[in-house]
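> One file is attached below, entry-v2.json, containing JSON, C-alpha atoms.
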[["chain", "number", "residue", "atom", "x", "y", "z"],
["W", 1, "MET", "CA", 75.88, -65.12, 344.21],
["W", 2, "ASN", "CA", 72.11, -64.93, 343.91],
["W", 3, "ARG", "CA", 70.15, -65.05, 340.70],
["W", 4, "GLY", "CA", 69.10, -61.40, 340.81],
["W", 5, "ARG", "CA", 72.69, -60.22, 340.88],
["W", 6, "TRP", "CA", 73.52, -62.38, 337.85],
["W", 7, "LYS", "CA", 70.66, -60.73, 335.95],
["W", 8, "LEU", "CA", 71.95, -57.31, 336.95],
["W", 9, "TYR", "CA", 75.45, -58.13, 335.70],
["W", 10, "ALA", "CA", 74.03, -59.59, 332.49],
["W", 11, "PHE", "CA", 72.04, -56.45, 331.71],
["W", 12, "LEU", "CA", 75.04, -54.31, 332.61],
["W", 13, "GLY", "CA", 77.25, -56.34, 330.28],
["W", 14, "LEU", "CA", 74.74, -56.05, 327.45],
["W", 15, "GLY", "CA", 74.57, -52.30, 327.96],
["W", 16, "PHE", "CA", 78.35, -51.88, 327.82],
["W", 17, "ALA", "CA", 78.56, -54.20, 324.81],
["W", 18, "PHE", "CA", 75.92, -52.14, 323.00],
["W", 19, "LEU", "CA", 77.97, -49.01, 323.63],
["W", 20, "TYR", "CA", 81.53, -50.19, 323.07],
["W", 21, "VAL", "CA", 81.48, -53.13, 320.66],
["W", 22, "PRO", "CA", 80.66, -50.86, 317.65],
["W", 23, "ILE", "CA", 83.59, -48.63, 318.64],
["W", 24, "LEU", "CA", 85.91, -51.64, 318.82],
["W", 25, "LEU", "CA", 84.70, -52.83, 315.40],
["W", 26, "LEU", "CA", 85.33, -49.36, 313.99],
["W", 27, "ILE", "CA", 88.91, -49.45, 315.28],
["W", 28, "VAL", "CA", 89.47, -52.95, 313.89],
["W", 29, "TYR", "CA", 88.15, -52.04, 310.43],
["W", 30, "SER", "CA", 90.34, -48.93, 310.35],
["W", 31, "PHE", "CA", 93.19, -51.40, 309.72],
["W", 32, "ASN", "CA", 91.29, -53.13, 306.91],
["W", 33, "GLU", "CA", 93.13, -53.21, 303.60],
["W", 34, "SER", "CA", 89.93, -53.18, 301.56],
["W", 35, "ARG", "CA", 88.13, -49.97, 300.65],
["W", 36, "LEU", "CA", 84.89, -51.71, 301.61],
["W", 37, "VAL", "CA", 84.64, -51.07, 305.33],
["W", 38, "THR", "CA", 82.49, -54.16, 306.00],
["W", 39, "VAL", "CA", 84.65, -56.68, 304.11],
["W", 40, "TRP", "CA", 87.89, -57.73, 305.80],
["W", 41, "SER", "CA", 90.67, -58.43, 303.31],
["W", 42, "GLY", "CA", 93.80, -58.15, 305.41],
["W", 43, "PHE", "CA", 95.69, -55.98, 307.87],
["W", 44, "SER", "CA", 96.97, -52.63, 306.62],
["W", 45, "THR", "CA", 97.77, -49.15, 307.94],
["W", 46, "LYS", "CA", 97.55, -47.41, 304.57],
["W", 47, "TRP", "CA", 94.36, -45.53, 305.48],
["W", 48, "TYR", "CA", 96.19, -43.74, 308.28],
["W", 49, "GLY", "CA", 98.81, -42.65, 305.77],
["W", 50, "GLU", "CA", 96.16, -41.45, 303.35],
["W", 51, "LEU", "CA", 94.42, -39.62, 306.20],
["W", 52, "MET", "CA", 97.61, -37.65, 306.87],
["W", 53, "GLN", "CA", 97.57, -36.59, 303.20],
["W", 54, "ASN", "CA", 93.90, -35.59, 303.17],
["W", 55, "ARG", "CA", 94.09, -31.80, 303.42],
["W", 56, "GLN", "CA", 90.32, -31.39, 303.56],
["W", 57, "LEU", "CA", 89.97, -33.54, 306.67],
["W", 58, "LEU", "CA", 93.05, -32.09, 308.36],
["W", 59, "ASP", "CA", 92.02, -28.48, 307.69],
["W", 60, "ALA", "CA", 88.50, -29.18, 308.92],
["W", 61, "ALA", "CA", 89.86, -30.83, 312.08],
["W", 62, "TRP", "CA", 92.17, -27.88, 312.80],
["W", 63, "LEU", "CA", 89.33, -25.41, 312.25],
["W", 64, "SER", "CA", 87.05, -27.37, 314.60],
["W", 65, "VAL", "CA", 89.74, -27.46, 317.32],
["W", 66, "ARG", "CA", 90.35, -23.70, 317.04],
["W", 67, "ILE", "CA", 86.62, -22.95, 317.17],
["W", 68, "ALA", "CA", 86.09, -25.32, 320.10],
["W", 69, "ALA", "CA", 88.97, -23.86, 322.13],
["W", 70, "THR", "CA", 87.91, -20.24, 321.52],
["W", 71, "ASN", "CA", 84.29, -21.08, 322.26],
["W", 72, "ALA", "CA", 85.19, -22.89, 325.50],
["W", 73, "CYS", "CA", 87.22, -19.95, 326.83],
["W", 74, "PHE", "CA", 84.50, -17.36, 326.16],
["W", 75, "ALA", "CA", 81.75, -19.71, 327.35],
["W", 76, "VAL", "CA", 83.52, -20.18, 330.69],
["W", 77, "VAL", "CA", 83.83, -16.41, 331.17],
["W", 78, "PHE", "CA", 80.23, -15.60, 330.25],
["W", 79, "GLY", "CA", 78.78, -18.66, 331.95],
["W", 80, "THR", "CA", 80.65, -17.89, 335.18],
["W", 81, "LEU", "CA", 79.43, -14.29, 335.16],
["W", 82, "ALA", "CA", 75.84, -15.47, 334.61],
["W", 83, "ALA", "CA", 76.14, -18.04, 337.41],
["W", 84, "ASN", "CA", 77.50, -15.41, 339.78],
["W", 85, "ALA", "CA", 74.60, -13.09, 338.98],
["W", 86, "LEU", "CA", 72.05, -15.79, 339.75],
["W", 87, "VAL", "CA", 73.70, -17.12, 342.92],
["W", 88, "ARG", "CA", 75.30, -14.07, 344.52],
["W", 89, "HIS", "CA", 72.88, -11.23, 343.74],
["W", 90, "GLY", "CA", 69.62, -12.64, 345.06],
["W", 91, "LYS", "CA", 66.36, -11.37, 343.60],
["W", 92, "PHE", "CA", 66.99, -8.56, 341.15],
["W", 93, "ARG", "CA", 64.70, -6.97, 338.59],
["W", 94, "GLY", "CA", 64.48, -9.17, 335.50],
["W", 95, "ARG", "CA", 65.92, -12.25, 337.22],
["W", 96, "ALA", "CA", 63.18, -14.55, 335.91],
["W", 97, "GLY", "CA", 63.61, -13.32, 332.35],
["W", 98, "PHE", "CA", 67.40, -13.56, 332.58],
["W", 99, "GLN", "CA", 67.19, -17.13, 333.86],
["W", 100, "LEU", "CA", 64.73, -18.02, 331.10],
["W", 101, "LEU", "CA", 67.02, -16.62, 328.40],
["W", 102, "LEU", "CA", 69.99, -18.42, 329.92],
["W", 103, "THR", "CA", 68.35, -21.84, 330.06],
["W", 104, "ALA", "CA", 66.49, -21.58, 326.74],
["W", 105, "PRO", "CA", 69.45, -22.92, 324.66],
["W", 106, "LEU", "CA", 69.37, -26.09, 326.77],
["W", 107, "VAL", "CA", 65.93, -27.07, 325.50],
["W", 108, "MET", "CA", 65.70, -25.18, 322.22],
["W", 109, "PRO", "CA", 65.89, -27.40, 319.11],
["W", 110, "GLU", "CA", 69.19, -26.90, 317.32],
["W", 111, "VAL", "CA", 67.41, -26.28, 314.03],
["W", 112, "ILE", "CA", 65.59, -23.28, 315.52],
["W", 113, "THR", "CA", 68.78, -21.94, 317.11],
["W", 114, "GLY", "CA", 70.77, -22.31, 313.90],
["W", 115, "LEU", "CA", 68.10, -20.72, 311.71],
["W", 116, "SER", "CA", 67.59, -17.76, 314.07],
["W", 117, "LEU", "CA", 71.34, -17.11, 314.27],
["W", 118, "LEU", "CA", 71.63, -17.32, 310.49],
["W", 119, "LEU", "CA", 68.90, -14.67, 310.09],
["W", 120, "LEU", "CA", 70.61, -12.53, 312.74],
["W", 121, "PHE", "CA", 73.99, -12.65, 311.01],
["W", 122, "VAL", "CA", 72.48, -11.89, 307.59],
["W", 123, "THR", "CA", 70.56, -8.92, 308.99],
["W", 124, "MET", "CA", 73.63, -7.58, 310.81],
["W", 125, "GLU", "CA", 75.75, -7.89, 307.68],
["W", 126, "GLU", "CA", 73.20, -5.96, 305.63],
["W", 127, "THR", "CA", 72.75, -3.31, 308.35],
["W", 128, "ILE", "CA", 76.22, -2.64, 309.79],
["W", 129, "GLY", "CA", 78.46, -4.66, 307.47],
["W", 130, "TRP", "CA", 79.57, -7.08, 310.21],
["W", 131, "PRO", "CA", 80.22, -9.95, 310.21],
["W", 132, "ASP", "CA", 81.67, -9.90, 306.71],
["W", 133, "GLY", "CA", 80.46, -13.26, 305.49],
["W", 134, "ARG", "CA", 80.09, -16.43, 307.50],
["W", 135, "GLY", "CA", 83.00, -18.41, 308.82],
["W", 136, "PHE", "CA", 85.13, -18.79, 311.94],
["W", 137, "THR", "CA", 83.59, -15.78, 313.71],
["W", 138, "THR", "CA", 79.95, -16.66, 313.13],
["W", 139, "ILE", "CA", 80.44, -20.32, 314.06],
["W", 140, "THR", "CA", 82.25, -19.36, 317.26],
["W", 141, "ILE", "CA", 79.56, -16.85, 318.28],
["W", 142, "ALA", "CA", 76.86, -19.44, 317.60],
["W", 143, "HIS", "CA", 78.64, -22.05, 319.71],
["W", 144, "ILE", "CA", 79.17, -19.61, 322.58],
["W", 145, "THR", "CA", 75.46, -18.84, 322.51],
["W", 146, "PHE", "CA", 74.43, -22.36, 323.49],
["W", 147, "SER", "CA", 77.50, -23.69, 325.31],
["W", 148, "MET", "CA", 77.63, -20.88, 327.87],
["W", 149, "ALA", "CA", 74.28, -22.11, 329.18],
["W", 150, "TYR", "CA", 75.82, -25.49, 330.03],
["W", 151, "VAL", "CA", 78.77, -23.81, 331.72],
["W", 152, "ALA", "CA", 76.41, -21.62, 333.76],
["W", 153, "VAL", "CA", 74.56, -24.70, 335.04],
["W", 154, "VAL", "CA", 77.80, -26.40, 336.16],
["W", 155, "VAL", "CA", 79.30, -23.31, 337.80],
["W", 156, "ARG", "CA", 76.01, -22.31, 339.41],
["W", 157, "SER", "CA", 75.73, -25.71, 341.08],
["W", 158, "ARG", "CA", 79.25, -25.36, 342.52],
["W", 159, "LEU", "CA", 78.70, -21.80, 343.71],
["W", 160, "SER", "CA", 75.43, -22.65, 345.43],
["W", 161, "GLN", "CA", 77.10, -25.47, 347.41],
["W", 162, "MET", "CA", 80.25, -23.54, 348.32],
["W", 163, "ASP", "CA", 80.89, -22.51, 351.92],
["W", 164, "ARG", "CA", 81.18, -18.72, 351.96],
["W", 165, "SER", "CA", 82.77, -18.55, 355.40],
["W", 166, "LEU", "CA", 86.27, -18.38, 353.87],
["W", 167, "GLU", "CA", 85.27, -15.39, 351.75],
["W", 168, "GLU", "CA", 83.70, -13.67, 354.75],
["W", 169, "ALA", "CA", 86.81, -14.31, 356.83],
["W", 170, "ALA", "CA", 89.04, -12.82, 354.14],
["W", 171, "MET", "CA", 86.88, -9.69, 353.90],
["W", 172, "ASP", "CA", 86.91, -9.37, 357.69],
["W", 173, "LEU", "CA", 90.71, -9.31, 357.48],
["W", 174, "GLY", "CA", 90.58, -6.41, 355.03],
["W", 175, "ALA", "CA", 90.72, -8.08, 351.61],
["W", 176, "ARG", "CA", 88.86, -6.32, 348.82],
["W", 177, "PRO", "CA", 86.04, -8.17, 347.03],
["W", 178, "LEU", "CA", 88.06, -8.59, 343.81],
["W", 179, "ARG", "CA", 91.03, -9.99, 345.73],
["W", 180, "VAL", "CA", 88.73, -12.37, 347.62],
["W", 181, "TYR", "CA", 87.18, -13.59, 344.39],
["W", 182, "MET", "CA", 90.51, -14.11, 342.63],
["W", 183, "SER", "CA", 92.34, -15.69, 345.59],
["W", 184, "ILE", "CA", 89.58, -17.73, 347.25],
["W", 185, "THR", "CA", 86.47, -18.13, 345.10],
["W", 186, "LEU", "CA", 88.15, -18.99, 341.80],
["W", 187, "PRO", "CA", 90.40, -21.73, 343.27],
["W", 188, "LEU", "CA", 87.38, -23.25, 345.02],
["W", 189, "ILE", "CA", 85.29, -23.36, 341.84],
["W", 190, "ALA", "CA", 88.24, -24.31, 339.59],
["W", 191, "PRO", "CA", 87.02, -27.93, 339.12],
["W", 192, "ALA", "CA", 83.65, -26.61, 337.93],
["W", 193, "LEU", "CA", 85.39, -24.18, 335.58],
["W", 194, "LEU", "CA", 87.50, -26.98, 334.14],
["W", 195, "SER", "CA", 84.44, -29.21, 333.76],
["W", 196, "GLY", "CA", 82.55, -26.40, 332.05],
["W", 197, "TRP", "CA", 85.48, -25.73, 329.71],
["W", 198, "LEU", "CA", 85.73, -29.38, 328.70],
["W", 199, "LEU", "CA", 81.96, -29.64, 328.25],
["W", 200, "ALA", "CA", 81.86, -26.52, 326.07],
["W", 201, "PHE", "CA", 84.84, -27.77, 324.05],
["W", 202, "THR", "CA", 83.18, -31.13, 323.46],
["W", 203, "LEU", "CA", 79.82, -29.64, 322.52],
["W", 204, "SER", "CA", 81.46, -27.29, 320.03],
["W", 205, "LEU", "CA", 83.69, -29.97, 318.52],
["W", 206, "ASP", "CA", 80.69, -32.28, 318.06],
["W", 207, "ASP", "CA", 78.17, -29.75, 316.76],
["W", 208, "LEU", "CA", 76.80, -30.29, 313.25],
["W", 209, "VAL", "CA", 73.33, -28.75, 312.95],
["W", 210, "ILE", "CA", 74.04, -25.19, 314.13],
["W", 211, "SER", "CA", 77.40, -25.10, 312.32],
["W", 212, "SER", "CA", 75.69, -26.07, 309.06],
["W", 213, "PHE", "CA", 73.49, -22.96, 309.29],
["W", 214, "VAL", "CA", 76.15, -20.39, 310.20],
["W", 215, "ALA", "CA", 79.16, -21.73, 308.25],
["W", 216, "GLY", "CA", 80.29, -20.29, 304.96],
["W", 217, "PRO", "CA", 81.78, -21.93, 301.86],
["W", 218, "GLY", "CA", 85.36, -21.75, 303.18],
["W", 219, "SER", "CA", 84.68, -22.78, 306.77],
["W", 220, "THR", "CA", 83.72, -26.43, 306.88],
["W", 221, "THR", "CA", 84.07, -28.05, 310.28],
["W", 222, "LEU", "CA", 85.06, -31.65, 310.89],
["W", 223, "PRO", "CA", 81.53, -32.94, 311.68],
["W", 224, "MET", "CA", 80.31, -31.37, 308.44],
["W", 225, "VAL", "CA", 83.05, -33.07, 306.42],
["W", 226, "VAL", "CA", 82.43, -36.42, 308.10],
["W", 227, "TYR", "CA", 78.67, -36.18, 307.58],
["W", 228, "SER", "CA", 79.00, -35.26, 303.91],
["W", 229, "SER", "CA", 81.46, -38.09, 303.27],
["W", 230, "VAL", "CA", 79.32, -40.64, 305.11],
["W", 231, "ARG", "CA", 76.34, -39.72, 302.93],
["W", 232, "MET", "CA", 78.41, -40.80, 299.91],
["W", 233, "GLY", "CA", 79.53, -44.00, 301.62],
["W", 234, "VAL", "CA", 81.73, -44.62, 304.64],
["W", 235, "SER", "CA", 85.41, -44.18, 303.82],
["W", 236, "PRO", "CA", 88.11, -46.15, 305.66],
["W", 237, "GLN", "CA", 89.80, -42.80, 306.32],
["W", 238, "ILE", "CA", 86.83, -41.85, 308.49],
["W", 239, "ASN", "CA", 87.39, -45.04, 310.49],
["W", 240, "ALA", "CA", 91.05, -44.09, 310.90],
["W", 241, "LEU", "CA", 90.14, -40.57, 312.01],
["W", 242, "ALA", "CA", 87.59, -41.88, 314.50],
["W", 243, "SER", "CA", 90.15, -44.34, 315.89],
["W", 244, "ILE", "CA", 92.64, -41.52, 316.49],
["W", 245, "VAL", "CA", 89.95, -39.50, 318.31],
["W", 246, "VAL", "CA", 89.08, -42.53, 320.47],
["W", 247, "LEU", "CA", 92.77, -43.02, 321.28],
["W", 248, "ILE", "CA", 93.21, -39.37, 322.33],
["W", 249, "VAL", "CA", 90.06, -39.38, 324.46],
["W", 250, "SER", "CA", 91.01, -42.68, 326.11],
["W", 251, "ALA", "CA", 94.48, -41.39, 326.92],
["W", 252, "ALA", "CA", 93.03, -38.21, 328.44],
["W", 253, "VAL", "CA", 90.60, -40.22, 330.58],
["W", 254, "LEU", "CA", 93.37, -42.56, 331.80],
["W", 255, "ILE", "CA", 95.66, -39.64, 332.67],
["W", 256, "ALA", "CA", 92.85, -37.88, 334.55],
["W", 257, "GLY", "CA", 91.96, -41.06, 336.44],
["W", 258, "PHE", "CA", 95.60, -41.75, 337.33],
["W", 259, "SER", "CA", 96.14, -38.19, 338.59],
["W", 260, "MET", "CA", 92.98, -38.39, 340.72],
["W", 261, "ARG", "CA", 94.17, -41.66, 342.29],
["W", 262, "GLN", "CA", 97.63, -40.26, 342.99],
["W", 263, "ARG", "CA", 96.35, -37.04, 344.60],
["W", 264, "PRO", "CA", 95.13, -38.61, 347.90],
["W", 265, "ALA", "CA", 98.38, -40.56, 348.20],
["W", 266, "ALA", "CA", 100.38, -37.36, 347.74],
["W", 267, "LYS", "CA", 98.37, -35.67, 350.51],
["W", 268, "ASP", "CA", 99.02, -38.55, 352.89]]
So, in terms of structure tokens, how does the structure I just supplied come out?

Amino acid sequence: MNRGRWKLYAFLGLGFAFLYVPILLLIVYSFNESRLVTVWSGFSTKWYGELMQNRQLLDAAWLSVRIAATNACFAVVFGTLAANALVRHGKFRGRAGFQLLLTAPLVMPEVITGLSLLLLFVTMEETIGWPDGRGFTTITIAHITFSMAYVAVVVRSRLSQMDRSLEEAAMDLGARPLRVYMSITLPLIAPALLSGWLLAFTLSLDDLVISSFVAGPGSTTLPMVVYSSVRMGVSPQINALASIVVLIVSAAVLIAGFSMRQRPAAKD
């Protein structure tokens, strides 16, 4: 093996170590008996037990999951409709402006987005009385606003590369456009829809800045709770919570990878 390849592997190893060693240390210290997260004093699982009794963290986690799931579903619907308009309808009046508005959340600073949505919700509440306060509804609407742009990019890429001969053949055989879309187009773009859903779910679950602007006193999401607790000092319960999240994500990745490896074998 030549010297250049050794250098490549060395840099690759350093890159992976930089990414994953802190995560491994976090998992190890989640079993630390001491309250000081940087001082090892023995193996213990008591912080996992205390995490299960922490109603603030559990309620915030459940709220974040509900918001993320609702946001992902609506973002997929709206993002798919926007992608269809851009790919399937050619040049229509206002296309450039529509595309600009759709892609703006991708590059807009989150502080600007959060502040503008906060002003919008306050003005709407004073004018029409809705939304009544800030909470689940306002956070979900705010997350849909920026996550649908990411879904539109993913679905648009899949639609632009899709072979339309199957759709044309189905219409030649007498199928109506809606039937063609539901029976042929949707199954073909299903991987993009699933990818967009997962991306929107992750972005919503991870969001802190925009949620801080549009959340009310009784609607604190998990990132907000974690951030506020970290400012006061890292708690071992946060390490335990992060370890559980890493375990769930790793299991999902392994299951997805195993299913993808088994699919070609099943076809053979």
> Can you work out the spacing between CA of Leu222 in chain W and CA of Ser64 in chain W in Å, to one decimal?
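Separating CA of Leu222 in chain W from CA of Ser64 in chain W is a distance of 6.0 Å.
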> Got a sec: who's within 12 Å of Leu81 in chain W, counting all atoms listed in the file, leaving out chain neighbours fewer than 6 positions off, as a ChimeraX atom specification?
/W:74-75,87-89,102,148-149,151-153,155-156,159,186,193
> Would you write out those residues with C-alpha atoms, as a short mmCIF file (atom, residue, chain, number, x, y, z; two decimals), in the frame of the given file?

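So the final result, stored in out35.cif, reads:
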data_model
loop_
_atom_site.label_atom_id
_atom_site.label_comp_id
_atom_site.auth_asym_id
_atom_site.auth_seq_id
_atom_site.Cartn_x
_atom_site.Cartn_y
_atom_site.Cartn_z
CA PHE W 74 84.50 -17.36 326.16
CA ALA W 75 81.75 -19.71 327.35
CA VAL W 87 73.70 -17.12 342.92
CA ARG W 88 75.30 -14.07 344.52
CA HIS W 89 72.88 -11.23 343.74
CA LEU W 102 69.99 -18.42 329.92
CA MET W 148 77.63 -20.88 327.87
CA ALA W 149 74.28 -22.11 329.18
CA VAL W 151 78.77 -23.81 331.72
CA ALA W 152 76.41 -21.62 333.76
CA VAL W 153 74.56 -24.70 335.04
CA VAL W 155 79.30 -23.31 337.80
CA ARG W 156 76.01 -22.31 339.41
CA LEU W 159 78.70 -21.80 343.71
CA LEU W 186 88.15 -18.99 341.80
CA LEU W 193 85.39 -24.18 335.58
#
> Please indicate the distance in Å from CA of Met224 in chain W to CA of Val245 in chain W, rounded to one decimal place.
16.0 Å
> Excluding range 43-60 of chain W and its own-chain neighbours fewer than 5 positions away, which residues fall within 6 Å of it when counting only C-alpha atoms? Please give them as a PyMOL selection string.
chain W and resi 31-33+220-222+237+240
> When you draw a straight line from CA of Glu126 in chain W to CA of Ser147 in chain W, how long is it in Å?
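Interatomic distance here is 26.8 Å.
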> Excluding Ala69 in chain W and its own-chain neighbours fewer than 4 positions away, which residues fall within 8 Å of it when counting only C-alpha atoms? Please give them as a list in words.
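So, after excluding close chain neighbours, the residues are Val65, Cys73 and Phe201 of chain W.
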> Could you tell me which of W:Ala252, W:Val209, W:Leu14, W:Leu36 comes closest to Leu115 in chain W if we count all atoms listed in the file?
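Answer, going by the shortest atom-to-atom distance: W:Val209.
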> Can you work out which one of W:Met124, W:Val28, W:Ile139, W:Leu19 has the shortest atom-to-atom distance to Leu205 in chain W, counting only C-alpha atoms?
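The closest residue to Leu205 in chain W is W:Ile139.
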> Could you pull the residues within 8 Å of Leu26 in chain W, counting all atoms listed in the file, minus those fewer than 5 positions along the same chain, as a PDB file with C-alpha atoms, in the frame of the given file?

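Below you can see result14.pdb, which holds the result:
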ATOM      1  CA  ASN W 239      87.390 -45.040 310.490  1.00  0.00           C
ATOM      2  CA  ALA W 242      87.590 -41.880 314.500  1.00  0.00           C
ATOM      3  CA  SER W 243      90.150 -44.340 315.890  1.00  0.00           C
TER       4      SER W 243
END
> Can you pull out the residues contacting Thr138 in chain W? Cut-off 8 Å, using all atoms listed in the file, and skip same-chain residues under 4 positions away; I want them as a PDB file with C-alpha atoms, keeping the file's coordinate frame.

ATOM      1  CA  PHE W 121      73.990 -12.650 311.010  1.00  0.00           C
ATOM      2  CA  PRO W 131      80.220  -9.950 310.210  1.00  0.00           C
ATOM      3  CA  ARG W 134      80.090 -16.430 307.500  1.00  0.00           C
ATOM      4  CA  ALA W 142      76.860 -19.440 317.600  1.00  0.00           C
ATOM      5  CA  VAL W 214      76.150 -20.390 310.200  1.00  0.00           C
ATOM      6  CA  ALA W 215      79.160 -21.730 308.250  1.00  0.00           C
TER       7      ALA W 215
END
> Counting only C-alpha atoms, which residues sit no farther than 8 Å from the position (83.9, -19.9, 305.3) in the file's frame? I'd like them as a list in words.
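Neighbouring residues, ordered by chain and number, come to Gly133, Arg134, Gly135, Phe136, Ala215, Gly216, Pro217, Gly218, Ser219 and Thr220 of chain W.
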